[in-house]
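Engineer: Got a structure for you, entry-v6.csv, holding CSV, C-alpha atoms.
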chain,number,residue,atom,x,y,z
A,1,MET,CA,10.2,-23.3,-1.9
A,2,ARG,CA,11.1,-20.1,-0.2
A,3,LEU,CA,8.9,-17.7,-2.3
A,4,ARG,CA,5.2,-18.1,-3.1
A,5,VAL,CA,3.7,-16.3,-6.1
A,6,LEU,CA,-0.1,-16.2,-6.0
A,7,ALA,CA,-2.1,-14.5,-8.8
A,8,GLY,CA,-5.8,-13.5,-9.1
A,9,PRO,CA,-7.6,-14.9,-12.1
A,10,THR,CA,-6.9,-12.1,-14.5
A,11,ALA,CA,-3.3,-11.9,-13.5
A,12,LEU,CA,-2.9,-15.7,-13.6
A,13,ALA,CA,-4.2,-15.9,-17.2
A,14,HIS,CA,-1.9,-13.1,-18.2
A,15,ILE,CA,1.2,-14.6,-16.7
A,16,GLN,CA,0.5,-18.0,-18.2
A,17,GLN,CA,0.3,-16.4,-21.6
A,18,HIS,CA,2.9,-13.7,-21.4
A,19,GLY,CA,5.0,-14.3,-18.3
A,20,LEU,CA,5.5,-11.7,-15.5
A,21,ARG,CA,7.1,-8.7,-17.2
A,22,ALA,CA,7.9,-5.5,-15.4
A,23,ASP,CA,6.2,-3.3,-18.0
A,24,ASP,CA,3.0,-5.2,-17.5
A,25,ILE,CA,2.8,-3.9,-13.9
A,26,SER,CA,1.0,-0.7,-13.3
A,27,THR,CA,0.7,-0.6,-9.5
A,28,LEU,CA,2.9,-1.7,-6.5
A,29,VAL,CA,1.2,-2.2,-3.1
A,30,GLY,CA,2.9,-2.1,0.3
A,31,ALA,CA,1.1,-3.0,3.5
A,32,SER,CA,1.3,-1.8,7.0
A,33,GLY,CA,3.2,-4.1,9.4
A,34,GLY,CA,6.2,-2.3,10.9
A,35,PRO,CA,9.2,-4.6,11.2
A,36,LYS,CA,7.5,-7.3,9.2
A,37,TRP,CA,8.9,-5.3,6.2
A,38,PHE,CA,12.4,-6.6,6.9
A,39,SER,CA,11.4,-9.9,5.3
A,40,LEU,CA,10.8,-8.0,2.1
A,41,PHE,CA,13.9,-5.8,2.1
A,42,GLY,CA,15.8,-7.9,-0.4
A,43,LEU,CA,12.8,-7.8,-2.8
A,44,ASP,CA,12.6,-4.0,-2.4
A,45,GLN,CA,16.3,-3.7,-3.3
A,46,TYR,CA,15.8,-5.9,-6.3
A,47,LEU,CA,12.6,-4.4,-7.6
A,48,ALA,CA,13.8,-0.8,-7.2
A,49,GLY,CA,17.4,-1.4,-8.2
A,50,GLU,CA,17.0,-3.8,-11.1
A,51,TYR,CA,13.5,-5.1,-12.0
A,52,PHE,CA,12.0,-1.6,-12.6
A,53,LYS,CA,15.3,0.1,-13.5
A,54,GLY,CA,15.0,2.2,-16.6
A,55,ARG,CA,11.2,2.2,-16.6
A,56,GLN,CA,9.6,4.9,-18.6
A,57,GLN,CA,5.9,4.7,-17.9
A,58,PRO,CA,4.5,5.7,-14.5
A,59,LEU,CA,4.3,3.1,-11.7
A,60,GLN,CA,1.7,3.8,-9.1
A,61,LEU,CA,2.9,3.2,-5.5
A,62,LEU,CA,0.3,2.6,-2.9
A,63,GLY,CA,1.2,2.1,0.8
A,64,SER,CA,0.3,2.8,4.4
A,65,SER,CA,2.6,3.1,7.4
A,66,ALA,CA,5.8,1.1,6.7
A,67,GLY,CA,4.6,0.6,3.2
A,68,ALA,CA,4.4,4.4,2.7
A,69,TRP,CA,7.9,4.8,4.1
A,70,ARG,CA,9.2,2.0,1.8
A,71,PHE,CA,7.7,3.6,-1.3
A,72,ALA,CA,9.0,7.1,-0.3
A,73,CYS,CA,12.4,5.4,-0.9
A,74,TYR,CA,11.4,4.1,-4.3
A,75,ALA,CA,10.5,7.6,-5.5
A,76,GLN,CA,14.0,9.0,-4.7
A,77,GLN,CA,16.6,9.4,-7.3
A,78,ASP,CA,18.7,6.5,-5.8
A,79,PRO,CA,16.0,4.2,-4.4
A,80,VAL,CA,18.4,1.5,-3.4
A,81,ALA,CA,20.4,3.8,-1.2
A,82,ALA,CA,17.3,5.4,0.2
A,83,SER,CA,15.9,1.9,1.1
A,84,GLN,CA,19.2,1.0,2.7
A,85,ARG,CA,19.1,4.1,4.9
A,86,PHE,CA,15.5,3.3,5.9
A,87,CYS,CA,16.5,-0.3,6.8
A,88,ASP,CA,19.6,0.7,8.7
A,89,ALA,CA,17.7,3.4,10.7
A,90,TYR,CA,14.6,1.3,11.5
A,91,SER,CA,16.4,-2.0,12.3
A,92,THR,CA,18.6,-0.3,14.9
A,93,LEU,CA,15.9,1.7,16.7
A,94,CYS,CA,16.1,1.4,20.5
A,95,TYR,CA,13.6,2.9,23.1
A,96,PRO,CA,14.1,3.5,26.8
A,97,ALA,CA,12.2,1.2,29.1
A,98,LYS,CA,8.7,2.6,29.8
A,99,ALA,CA,9.2,5.4,27.2
A,100,SER,CA,6.3,7.8,26.8
A,101,SER,CA,4.5,8.2,23.5
A,102,LYS,CA,6.3,11.6,23.1
A,103,GLU,CA,9.7,9.9,23.5
A,104,ILE,CA,8.8,7.0,21.1
A,105,THR,CA,7.6,9.6,18.6
A,106,ALA,CA,10.7,11.6,18.8
A,107,ILE,CA,13.0,8.6,18.4
A,108,SER,CA,10.9,7.1,15.6
A,109,MET,CA,11.1,10.4,13.6
A,110,THR,CA,14.9,10.0,13.4
A,111,VAL,CA,14.1,7.3,10.8
A,112,ILE,CA,12.4,9.8,8.5
A,113,ALA,CA,15.4,12.2,9.0
A,114,ARG,CA,17.7,9.4,7.8
A,115,VAL,CA,15.5,8.7,4.8
A,116,PHE,CA,15.3,12.4,3.9
A,117,PRO,CA,18.7,13.8,4.9
A,118,ASP,CA,18.1,16.9,2.8
A,119,SER,CA,15.3,18.8,1.1
A,120,ASP,CA,16.4,17.7,-2.4
A,121,LYS,CA,15.2,14.2,-1.5
A,122,ILE,CA,11.8,15.6,-0.8
A,123,ARG,CA,11.7,17.3,-4.2
A,124,GLN,CA,12.8,14.1,-5.9
A,125,VAL,CA,9.7,12.3,-4.5
A,126,ILE,CA,7.3,15.0,-5.5
A,127,SER,CA,8.6,15.5,-9.0
A,128,ASN,CA,9.4,11.8,-9.9
A,129,PRO,CA,7.9,11.2,-13.4
A,130,VAL,CA,7.8,7.4,-13.0
A,131,TYR,CA,7.4,6.4,-9.3
A,132,LYS,CA,4.1,8.1,-8.2
A,133,LEU,CA,3.8,7.9,-4.5
A,134,ASN,CA,0.3,7.4,-2.9
A,135,PHE,CA,-0.3,6.6,0.7
A,136,THR,CA,-3.1,6.7,3.3
A,137,VAL,CA,-3.4,8.5,6.6
A,138,ALA,CA,-6.4,8.2,9.1
A,139,ARG,CA,-7.9,11.4,10.4
A,140,ALA,CA,-9.5,11.0,13.8
A,141,ARG,CA,-13.2,11.5,14.3
A,142,ALA,CA,-15.5,11.4,17.4
A,143,LEU,CA,-13.7,10.1,20.6
A,144,ASN,CA,-10.6,9.3,18.7
A,145,ARG,CA,-9.9,13.0,18.6
A,146,SER,CA,-9.1,13.0,22.3
A,147,ARG,CA,-5.5,13.8,23.3
A,148,HIS,CA,-5.7,11.8,26.5
A,149,LYS,CA,-5.1,8.0,26.7
A,150,ILE,CA,-8.4,7.3,28.4
A,151,GLY,CA,-10.3,9.0,25.7
A,152,GLN,CA,-8.2,7.3,23.0
A,153,LEU,CA,-8.8,3.9,24.6
A,154,ALA,CA,-12.5,4.6,24.8
A,155,GLY,CA,-12.6,5.7,21.1
A,156,LEU,CA,-10.6,2.8,19.8
A,157,SER,CA,-12.7,0.3,21.8
A,158,LEU,CA,-15.9,1.8,20.3
A,159,THR,CA,-14.3,1.7,16.9
A,160,ALA,CA,-13.4,-2.0,17.3
A,161,ALA,CA,-16.9,-2.9,18.4
A,162,ALA,CA,-18.5,-1.0,15.5
A,163,ASN,CA,-16.0,-2.5,13.0
A,164,LEU,CA,-16.9,-6.0,14.3
A,165,THR,CA,-20.5,-5.4,13.0
A,166,SER,CA,-19.4,-3.8,9.7
A,167,ARG,CA,-16.2,-2.4,8.3
A,168,ARG,CA,-18.3,0.5,6.9
A,169,HIS,CA,-18.9,1.7,10.5
A,170,LEU,CA,-15.3,2.9,10.6
A,171,ARG,CA,-16.6,6.1,8.8
A,172,PHE,CA,-18.0,7.3,12.2
A,173,PHE,CA,-14.5,7.1,13.8
A,174,PHE,CA,-11.9,7.8,11.1
A,175,GLU,CA,-11.7,9.5,7.7
A,176,ARG,CA,-9.3,8.1,5.1
A,177,CYS,CA,-6.9,10.7,3.7
A,178,LEU,CA,-5.2,9.6,0.4
A,179,PHE,CA,-2.1,11.6,-0.2
A,180,HIS,CA,-0.9,11.4,-3.7
A,181,ALA,CA,2.0,12.7,-5.9
A,182,PRO,CA,1.1,15.3,-8.6
A,183,GLY,CA,-0.2,13.5,-11.7
A,184,SER,CA,-1.0,10.3,-9.9
A,185,GLN,CA,-3.5,8.1,-11.8
A,186,LEU,CA,-3.9,5.5,-9.0
A,187,ILE,CA,-7.7,5.4,-8.6
A,188,GLN,CA,-10.0,6.6,-11.3
A,189,THR,CA,-13.2,5.8,-9.5
A,190,GLN,CA,-14.6,7.0,-6.3
A,191,LEU,CA,-13.8,5.0,-3.2
A,192,THR,CA,-17.1,4.2,-1.5
A,193,ASP,CA,-16.2,1.9,1.4
A,194,LEU,CA,-15.1,4.8,3.6
A,195,PRO,CA,-15.1,8.6,3.4
A,196,THR,CA,-12.0,9.5,1.5
A,197,ARG,CA,-10.2,12.8,0.9
A,198,ARG,CA,-7.5,13.2,-1.7
A,199,ILE,CA,-4.7,15.5,-0.9
A,200,GLU,CA,-1.9,16.4,-3.3
A,201,LEU,CA,1.6,16.0,-1.9
A,202,THR,CA,3.9,19.0,-1.8
A,203,GLU,CA,7.3,19.8,-0.5
A,204,HIS,CA,5.6,21.2,2.6
A,205,ASN,CA,3.3,18.3,3.6
A,206,LEU,CA,5.2,15.2,2.5
A,207,LEU,CA,7.2,14.6,5.7
A,208,PRO,CA,4.3,15.4,8.2
A,209,ALA,CA,2.0,13.1,6.1
A,210,LEU,CA,4.6,10.3,6.1
A,211,GLN,CA,5.0,10.8,9.9
A,212,ALA,CA,1.2,10.5,10.3
A,213,SER,CA,1.0,7.4,8.2
A,214,GLY,CA,3.2,5.6,10.7
A,215,SER,CA,1.7,7.1,13.9
A,216,ILE,CA,0.2,4.1,15.6
A,217,PRO,CA,-2.6,5.0,18.0
A,218,LEU,CA,-1.6,4.8,21.7
A,219,VAL,CA,2.0,4.1,20.7
A,220,LEU,CA,3.0,7.3,18.9
A,221,ASP,CA,1.5,10.8,19.1
A,222,ALA,CA,-0.8,11.9,16.3
A,223,VAL,CA,0.3,14.5,13.8
A,224,GLN,CA,-1.7,17.7,14.3
A,225,ASP,CA,-2.9,19.6,11.3
A,226,ILE,CA,-1.4,18.8,7.9
A,227,LEU,CA,-1.2,21.4,5.1
A,228,GLY,CA,-3.8,20.6,2.5
A,229,ALA,CA,-5.6,18.1,4.7
A,230,GLY,CA,-6.9,20.6,7.2
A,231,LYS,CA,-7.0,20.6,11.0
A,232,GLY,CA,-7.3,17.5,13.2
A,233,LEU,CA,-5.3,14.6,14.5
A,234,PHE,CA,-3.8,12.3,11.9
A,235,TYR,CA,-2.9,8.7,12.6
A,236,ASP,CA,-1.5,5.5,11.0
A,237,GLY,CA,-2.9,4.8,7.5
A,238,GLY,CA,-3.2,1.2,8.5
A,239,VAL,CA,-6.1,2.0,10.7
A,240,THR,CA,-8.3,2.3,7.6
A,241,ASP,CA,-6.1,0.4,5.1
A,242,TYR,CA,-3.9,-2.2,6.8
A,243,HIS,CA,-3.5,-4.5,3.8
A,244,PHE,CA,-5.8,-2.7,1.4
A,245,ASP,CA,-9.0,-4.0,-0.3
A,246,TRP,CA,-9.3,-1.5,-3.1
A,247,PRO,CA,-10.5,-1.5,-6.7
A,248,PHE,CA,-7.0,-1.4,-8.1
A,249,SER,CA,-6.2,-0.1,-11.5
A,250,GLN,CA,-8.0,-2.0,-14.3
A,251,GLN,CA,-5.0,-1.3,-16.6
A,252,GLY,CA,-2.1,-3.6,-16.0
A,253,LEU,CA,-1.2,-5.9,-13.2
A,254,VAL,CA,-0.8,-5.1,-9.5
A,255,LEU,CA,2.4,-6.4,-7.8
A,256,TYR,CA,2.0,-6.9,-4.0
A,257,PRO,CA,5.1,-8.0,-2.1
A,258,HIS,CA,3.5,-9.1,1.2
A,259,PHE,CA,4.2,-10.9,4.5
A,260,TYR,CA,1.2,-13.3,4.3
A,261,PRO,CA,-0.8,-15.3,1.8
A,262,HIS,CA,-3.9,-13.4,3.1
A,263,ILE,CA,-5.0,-9.8,3.8
A,264,ALA,CA,-6.8,-7.9,6.6
A,265,PRO,CA,-8.3,-4.8,5.0
A,266,GLY,CA,-8.0,-2.6,8.1
A,267,TRP,CA,-6.2,-2.6,11.4
A,268,PHE,CA,-9.3,-3.7,13.3
A,269,ASP,CA,-9.7,-6.7,11.0
A,270,LYS,CA,-6.5,-8.4,12.0
A,271,SER,CA,-8.1,-10.7,14.5
A,272,LEU,CA,-11.2,-11.4,12.4
A,273,PRO,CA,-10.7,-14.5,10.2
A,274,TRP,CA,-13.8,-13.8,8.1
A,275,ARG,CA,-12.3,-10.5,6.9
A,276,ARG,CA,-9.2,-12.3,5.5
A,277,LYS,CA,-10.8,-13.3,2.2
A,278,PHE,CA,-9.6,-11.9,-1.1
A,279,SER,CA,-12.3,-9.8,-2.8
A,280,PRO,CA,-12.8,-9.6,-6.6
A,281,HIS,CA,-10.7,-6.4,-6.3
A,282,TYR,CA,-7.7,-8.8,-6.3
A,283,HIS,CA,-8.4,-10.3,-9.8
A,284,ASN,CA,-5.3,-8.7,-11.3
A,285,VAL,CA,-3.1,-8.8,-8.3
A,286,VAL,CA,0.2,-10.8,-8.1
A,287,LEU,CA,1.0,-11.5,-4.5
A,288,LEU,CA,4.6,-12.3,-3.4
A,289,CYS,CA,5.0,-13.8,0.0
A,290,PRO,CA,7.5,-16.0,1.9
A,291,SER,CA,6.6,-19.7,2.3
A,292,GLN,CA,5.7,-21.1,5.8
A,293,SER,CA,8.8,-23.3,5.7
A,294,TRP,CA,11.0,-20.2,5.0
A,295,ILE,CA,9.4,-18.3,7.9
A,296,ALA,CA,9.9,-21.3,10.2
A,297,SER,CA,13.6,-21.2,9.5
A,298,LEU,CA,14.0,-17.6,10.7
A,299,PRO,CA,15.0,-16.6,14.2
A,300,ALA,CA,12.2,-17.5,16.6
A,301,GLY,CA,10.4,-19.2,13.6
A,302,LYS,CA,8.6,-16.0,12.6
A,303,ILE,CA,9.0,-12.8,10.6
A,304,PRO,CA,9.8,-9.7,12.7
A,305,ASP,CA,7.0,-7.7,14.4
A,306,ARG,CA,6.6,-5.0,17.0
A,307,LYS,CA,6.5,-7.5,19.8
A,308,ASP,CA,10.2,-8.0,19.2
A,309,PHE,CA,10.8,-4.7,21.1
A,310,ARG,CA,10.2,-6.7,24.3
A,311,LEU,CA,13.4,-8.6,23.6
A,312,PRO,CA,16.8,-7.2,24.8
A,313,ASP,CA,18.0,-4.7,22.1
A,314,ALA,CA,21.1,-6.8,21.2
A,315,THR,CA,19.0,-9.9,20.6
A,316,ARG,CA,16.3,-8.1,18.7
A,317,ILE,CA,18.8,-6.4,16.4
A,318,ARG,CA,20.7,-9.6,15.8
A,319,HIS,CA,17.4,-11.4,14.8
A,320,TRP,CA,16.4,-8.6,12.6
A,321,GLN,CA,19.8,-8.4,10.8
A,322,GLU,CA,19.6,-12.1,10.1
A,323,VAL,CA,16.1,-11.7,8.5
A,324,ILE,CA,17.3,-8.7,6.5
A,325,SER,CA,20.2,-10.7,5.2
A,326,ARG,CA,18.1,-13.7,4.3
A,327,SER,CA,15.4,-11.6,2.6
A,328,PHE,CA,17.7,-11.6,-0.4
A,329,GLU,CA,16.8,-15.3,-0.8
A,330,LEU,CA,13.3,-14.3,-1.8
A,331,ALA,CA,14.6,-11.7,-4.2
A,332,GLU,CA,16.9,-14.3,-5.8
A,333,ASP,CA,14.0,-16.8,-6.2
A,334,PHE,CA,11.8,-14.1,-7.9
A,335,LYS,CA,14.7,-13.1,-10.2
A,336,THR,CA,15.4,-16.6,-11.3
A,337,GLY,CA,11.8,-17.8,-11.4
A,338,ASN,CA,12.4,-20.4,-8.7
A,339,TYR,CA,8.8,-20.4,-7.5
A,340,GLN,CA,5.5,-22.1,-8.4
A,341,LEU,CA,2.7,-19.9,-9.6
A,342,GLU,CA,-0.5,-20.5,-7.6
A,343,PRO,CA,-4.1,-19.2,-7.8
A,344,LEU,CA,-4.7,-16.5,-5.3
A,345,TYR,CA,-8.3,-17.6,-4.8
Since I need it in another form, could you write the structure as structure tokens?
Structural biologist:
Amino acid sequence: MRLRVLAGPTALAHIQQHGLRADDISTLVGASGGPKWFSLFGLDQYLAGEYFKGRQQPLQLLGSSAGAWRFACYAQQDPVAASQRFCDAYSTLCYPAKASSKEITAISMTVIARVFPDSDKIRQVISNPVYKLNFTVARARALNRSRHKIGQLAGLSLTAAANLTSRRHLRFFFERCLFHAPGSQLIQTQLTDLPTRRIELTEHNLLPALQASGSIPLVLDAVQDILGAGKGLFYDGGVTDYHFDWPFSQQGLVLYPHFYPHIAPGWFDKSLPWRRKFSPHYHNVVLLCPSQSWIASLPAGKIPDRKDFRLPDATRIRHWQEVISRSFELAEDFKTGNYQLEPLY
């Protein structure tokens, strides 16, 4: 088996009785993870281009970092073409040796320029009546507001230590900003795990907010001041919501194409095994992920990640292109039902 399909108890019972129908899905979730997304490219092409094609009812899109950029493609008039532009631009990125964060930021922003080659694409996302874009950005607090590397390192170290004790302690170091398309019905209840501000997306703040959602601390520069969100330094949405642990919509199923059969709620939880458990929030989630045997068959026996930038550019790009090509195997298995349905927990 190349594709695994894992379902929470509510989702599992529904699928066993009715099957997995596109119209039964109310929310689509996309995690942070940078180049890991290339393993899901084929699924994105199939979901946006065929599975959800012709959909009439709103589909809530929730992402952070790379997930936010992926879903900004879904919400364009031609999502398949937009997703292809994103893939082409991202998979061929090259950075000079020992590049500064300013240089890395400038080069990385060429990806957004490829995804949004003109202002009409921005308007399509904002006004899309079906694909409702939602994504998170982390607004810095305390020492994390420093513009200097030493201050940032100190702030992130304190954040990691506090998060080790309790994820709720993130509130002292970062504020979650949830940017949402007009008319979004993603979350009906108040998020109580962390301080959360909701900001409506406009033609003026979409691109800065997307840039911020992918601005990894210490790697890229923060985005300063975003219209509607106020003043401050805004960073990668994965800091607060790496893989998400939210009270998803109670209406309909939640489809989550993912890299792993587990989650880490926030960026600082990645190395904490006890934070990888699925909470009751996942009762109606359907998780799609590659099998371990499929991953082992990829170049270097793994899905892409940011460490690949240590490889020679030609080697890295060749590996990534092979993963992108083979990602359509997962899409084919989902399309044909060539998978075994498993309980998520």
Engineer: How many Å lie between CA of Phe174 in chain A and CA of Arg141 in chain A, rounded to one decimal?
Structural biologist: 5.1 Å
Engineer: Please, which residues in range 56-137 of chain A fall within 9 Å of range 320-325 of chain A when counting all atoms listed in the file, and what is the closest atom pair and distance in Å to one decimal for each, ordered by chain then residue number, as CSV?
Structural biologist:
residue,atom,partner,partner_atom,distance
A:Cys87,CA,A:Ile324,CA,8.4
A:Ser91,CA,A:Trp320,CA,6.6
A:Thr92,CA,A:Trp320,CA,8.9
Engineer: Please list as an MDAnalysis selection string every residue within 10 Å of Asn163 in chain A, counting all atoms listed in the file and excluding residues in the same chain fewer than 4 positions away.
Structural biologist: chainID A and resid 157:159 167:171 173 266:269
Engineer: To one decimal in Å, tell me the separation between CA of Arg316 in chain A and CA of Glu103 in chain A.
Structural biologist: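 Computed distance, CA of Arg316 in chain A to CA of Glu103 in chain A, equals 19.8 Å.
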Engineer: Could you give me, as JSON lines, every range 36-105 of chain A residue with an atom at most 12 Å from range 199-210 of chain A, plus its closest atom pair and distance in Å to one decimal, counting only C-alpha atoms, rows ordered by chain then number?
Structural biologist:
{"residue": "A:Gly63", "atom": "CA", "partner": "A:Leu210", "partner_atom": "CA", "distance": 10.3}
{"residue": "A:Ser64", "atom": "CA", "partner": "A:Leu210", "partner_atom": "CA", "distance": 8.8}
{"residue": "A:Ser65", "atom": "CA", "partner": "A:Leu210", "partner_atom": "CA", "distance": 7.6}
{"residue": "A:Ala66", "atom": "CA", "partner": "A:Leu210", "partner_atom": "CA", "distance": 9.3}
{"residue": "A:Gly67", "atom": "CA", "partner": "A:Leu210", "partner_atom": "CA", "distance": 10.1}
{"residue": "A:Ala68", "atom": "CA", "partner": "A:Leu210", "partner_atom": "CA", "distance": 6.8}
{"residue": "A:Trp69", "atom": "CA", "partner": "A:Leu210", "partner_atom": "CA", "distance": 6.7}
{"residue": "A:Arg70", "atom": "CA", "partner": "A:Leu210", "partner_atom": "CA", "distance": 10.4}
{"residue": "A:Phe71", "atom": "CA", "partner": "A:Leu210", "partner_atom": "CA", "distance": 10.5}
{"residue": "A:Ala72", "atom": "CA", "partner": "A:Leu210", "partner_atom": "CA", "distance": 8.4}
{"residue": "A:Cys73", "atom": "CA", "partner": "A:Leu210", "partner_atom": "CA", "distance": 11.6}
Engineer: Please produce a file of those selected residues containing C-alpha atoms, as a JSON list (two decimals), in the coordinates of the input.
Structural biologist:
[["chain", "number", "residue", "atom", "x", "y", "z"],
["A", 63, "GLY", "CA", 1.20, 2.10, 0.80],
["A", 64, "SER", "CA", 0.30, 2.80, 4.40],
["A", 65, "SER", "CA", 2.60, 3.10, 7.40],
["A", 66, "ALA", "CA", 5.80, 1.10, 6.70],
["A", 67, "GLY", "CA", 4.60, 0.60, 3.20],
["A", 68, "ALA", "CA", 4.40, 4.40, 2.70],
["A", 69, "TRP", "CA", 7.90, 4.80, 4.10],
["A", 70, "ARG", "CA", 9.20, 2.00, 1.80],
["A", 71, "PHE", "CA", 7.70, 3.60, -1.30],
["A", 72, "ALA", "CA", 9.00, 7.10, -0.30],
["A", 73, "CYS", "CA", 12.40, 5.40, -0.90]]
Engineer: Please tell me which residues are no farther than 12 Å from (9.4, -17.5, 9.2) in the file, counting only C-alpha atoms, and write them as a ChimeraX atom specification.
Structural biologist: /A:2-3,36,38-40,259-260,289-305,319-320,322-323,326-327
Engineer: Given the choices A:Ala89, A:Ala81, A:Cys94, A:Leu143, which gets closest to Arg114 in chain A if the distance is worked out from all atoms listed in the file?
Structural biologist: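 Closest candidate: A:Ala89.
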